[in-house]
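Input: a single structure, listed below in structure tokens.
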Amino acid sequence: MWAPPRCSRLASTLRAMTVRRPYSSNVARIKAPSAITCQLPRTRPSNRSIQCSAHYSAQAVQQTDPISQDLERTTTPDLSPIWLRDICPCEHCVDPSSGQKKFWTVDIPSDIQIKSHQTLPDGTHEYTWTHDLPNMPADHTTRIHPSTLPSTLAGPSLSSLPQRPWTASTLSLYSTSYESYLTSPTTFREALSALHRDGLIFLTSVPESESSVTSIAERIGPVRNTFYGFSWDVRSVPKARNVAYTSGHLGFHQDLLYMADPPRLQFLHCLRSSAAGGASLFTDAYRAVVELHDQDLTAFEDLARLRTTYHYVKEGKHYTQSRRTIEFDEQAGTVLEGIRDVNWSPPFQGPFTGLETEDDVARWHAAARKFRDLTEREGSVFERMMKPGECVIFDNKRVLHARTAFEPGDVGKERWLKGCYVDGDPYWSALRQLTK
Ligand SMILES: [Zn+2]
């Protein structure tokens, strides 16, 4: 099984971290030295992402019940009454139909105190309040079961879903039929899981219709509209406004990096294929980032620091964004987990801004060349001559795509792909359903 190497320069920092705490600072203040390494995570259901899963067991919740112990200690100053009052899930505090919070945290009186506390036989903690929020009923009672705390605090984590960097030889490509993807909830979950794992899946037996691609996309979420349209065509025709519309070789890139929020998923449905050329190429940028880190830490750090400008200046439009090639979270446990974003789109690169010194340009140039070489290194590129009826779905921010040049024999033969995009938010929302 592939195991991402640890970032050596992060190791000392990480050794000092017993557990990541993306939670309330009030929670972090709960100091019980013997249990500090995993108080809250221990209450998490076992199918959720946790930083200290080795310590978790369902029995532990019932028997040692650390969070219950914390809740029992509500008279100690360690547990903030404001924090506890804030997470009340009752119908006075959270609208049952909309799920929206009905009070503002800032309106909780600063001198609120727990008036009474009891633990019910099922483990639920029940609190009443002194100096509760105004307009609350006199008998307002907060009931919290420890098992509900993780979702109250952090929600399911996508980090529990595995990702697997690949090369062409290690990729076990997921493929399913259009019909099954749309109609079988089980298949849809499998497809989403594979899409998150590899950043690339294929659908087959897609109906020959210009609306098929948006039907596929909308199974995940709303289609992203851009100036290319709700859906758009990639055809082998001359005089196009985008390099993707011409017939030459198109190198590895991501789409729309010149926009503030580039689309996350790209869908391409093949309606007509050429005879010989025009194959679709894919390479895993996450794999290239991990390899760059292993092979040349200086180049990795340069690409995590220096910004590249992407732009679209044409036809009365002027889009531009400046991005680091590697957006990296140094607090993560592994290089793979630390990758927040990869930005690589040479065809849409604009003049450098904020990178004027000779040293910075030389550093960027050397590092970017190494990264480019890794994305294209032998054995890494997955190539597919897409056939009519196939649709590829890929993560635009992870898997770079390219196209081979058309062959002379393709002259007069139309290659026609219909494409559309879906943003990250609906994709991540769909992925979170997999963690439940
Ligand atoms: Zn309440």
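If you're wondering about the labels, chains in the structure tokens are A, B, ... by order shown, residues count from 1 in each chain, ligands from 1 in order shown.
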Residues flagged strand (DSSP E) by DSSP in region 96-264 of chain A, as a ChimeraX atom specification: /A:113-119,125-130,142-144,174-177,200-204,223-224,232-235,250-253
Leaving out Ser429 (chain A) and any residue of its chain fewer than 3 positions from it, which residues lie within 10 Å of it when counting only C-alpha atoms, given as a compact mmCIF listing (two decimals) with C-alpha atoms, in the first residue's frame?
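Result went into around.txt, see below:
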```txt
# COMPACT_ATOMS: atom_id res chain seq x y z
CA LEU A 158 -12.97 14.60 4.55
CA ILE A 220 -23.11 15.87 -7.74
CA GLY A 221 -24.21 19.50 -7.68
CA GLY A 424 -15.63 22.51 -4.91
CA ASP A 425 -18.41 23.24 -2.44
CA PRO A 426 -21.05 20.90 -3.90
CA ARG A 432 -19.13 14.46 3.29
CA GLN A 433 -22.15 12.22 2.80
CA LEU A 434 -19.65 9.38 2.39
```
All helix (DSSP H, G or I) residues (DSSP, backbone) inside region 155-352 of chain A, as a PyMOL selection string: chain A and resi 158-160+178-183+185-198+212-218+243-245+285-295+297-303+335-338+346-348
Closest atom pairs, chain A residues within 6 Å of ligand 1, only C-alpha atoms and all ligand atoms, as CSV:
```
residue,atom,partner,partner_atom_place_in_ligand_line,distance
A:Cys88,CA,ligand 1,1 (Zn),4.5
A:Pro89,CA,ligand 1,1 (Zn),5.7
A:Cys90,CA,ligand 1,1 (Zn),4.2
A:His92,CA,ligand 1,1 (Zn),5.1
A:Cys93,CA,ligand 1,1 (Zn),4.3
A:Thr142,CA,ligand 1,1 (Zn),5.2
```
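If only C-alpha atoms are the atoms counted, then among A:His311, A:Lys387, A:Lys436, A:His318 the closest residue to Leu256 (chain A) is A:His311.
Of the listed residues A:Thr130, A:Thr141, A:Leu192, A:Ser116, the one whose atoms come nearest to Thr435 (chain A) is A:Leu192, with distances taken using only C-alpha atoms.
The nearest approach to Ile393 (chain A) among the residues A:Thr105, A:Ser110, A:Ser175, A:Ser205, with only C-alpha atoms taken into account, belongs to A:Ser175.
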Close residues, Gln349 (chain A) itself excluded, 7 Å, only C-alpha atoms, min 3 positions apart in chain, as a list in words: Thr309, Tyr310, His311, Ser345 and Pro346 of chain A
Go ahead and write the selection's residues with N, CA and C atoms as a JSON list (two decimals), in the first residue's frame.
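Once written, out_28.json looks like this:
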```
[["chain", "number", "residue", "atom", "x", "y", "z"],
["A", 309, "THR", "N", 1.53, 34.20, -12.17],
["A", 309, "THR", "CA", 0.31, 34.91, -12.57],
["A", 309, "THR", "C", -0.37, 34.17, -13.72],
["A", 310, "TYR", "N", -1.67, 34.01, -13.60],
["A", 310, "TYR", "CA", -2.48, 33.46, -14.68],
["A", 310, "TYR", "C", -3.46, 34.52, -15.12],
["A", 311, "HIS", "N", -3.71, 34.56, -16.42],
["A", 311, "HIS", "CA", -4.63, 35.60, -16.87],
["A", 311, "HIS", "C", -5.39, 35.19, -18.13],
["A", 345, "SER", "N", -0.77, 25.86, -14.86],
["A", 345, "SER", "CA", -1.47, 26.06, -16.12],
["A", 345, "SER", "C", -0.64, 26.95, -17.06],
["A", 346, "PRO", "N", 0.49, 26.41, -17.58],
["A", 346, "PRO", "CA", 1.38, 27.22, -18.42],
["A", 346, "PRO", "C", 0.70, 27.91, -19.60]]
```
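Neighbours of Pro207 (chain A) closer than or equal to 12 Å, with only C-alpha atoms counted and sequence neighbours fewer than 3 positions away skipped, come out as Ser177, Tyr178, Glu179, Leu203, Thr204, Glu210, Ser211, Ser212, Val213, Thr214, Ser215, Ile216, His269, Cys270, Leu271, Pro388, Gly389, Glu390 and Cys391 of chain A.
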Test item: residues at most 6 Å from Phe394 (chain A), only C-alpha atoms, excluding those fewer than 2 positions along its chain, as a PyMOL selection string: chain A and resi 199-200+265-266+396
Option closest in space to Ala288 (chain A), from A:Asn225, A:Ser231, A:Ser209, A:Thr375 [counting only C-alpha atoms]: A:Thr375
Top pick for closest residue to Arg143 (chain A), considering A:Leu182, A:Val234, A:Ile87, A:Ala367 and counting only C-alpha atoms: A:Ile87
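Minimum atom-to-atom distances from A:Gln254, A:Thr325, A:Gln331, A:Thr187 to Val399 (chain A) were compared using only C-alpha atoms, and the lowest value belongs to A:Gln254.
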Pairwise distance for CA of Asp198 (chain A) and CA of Thr167 (chain A), rounded to one decimal in Å: 10.1 Å
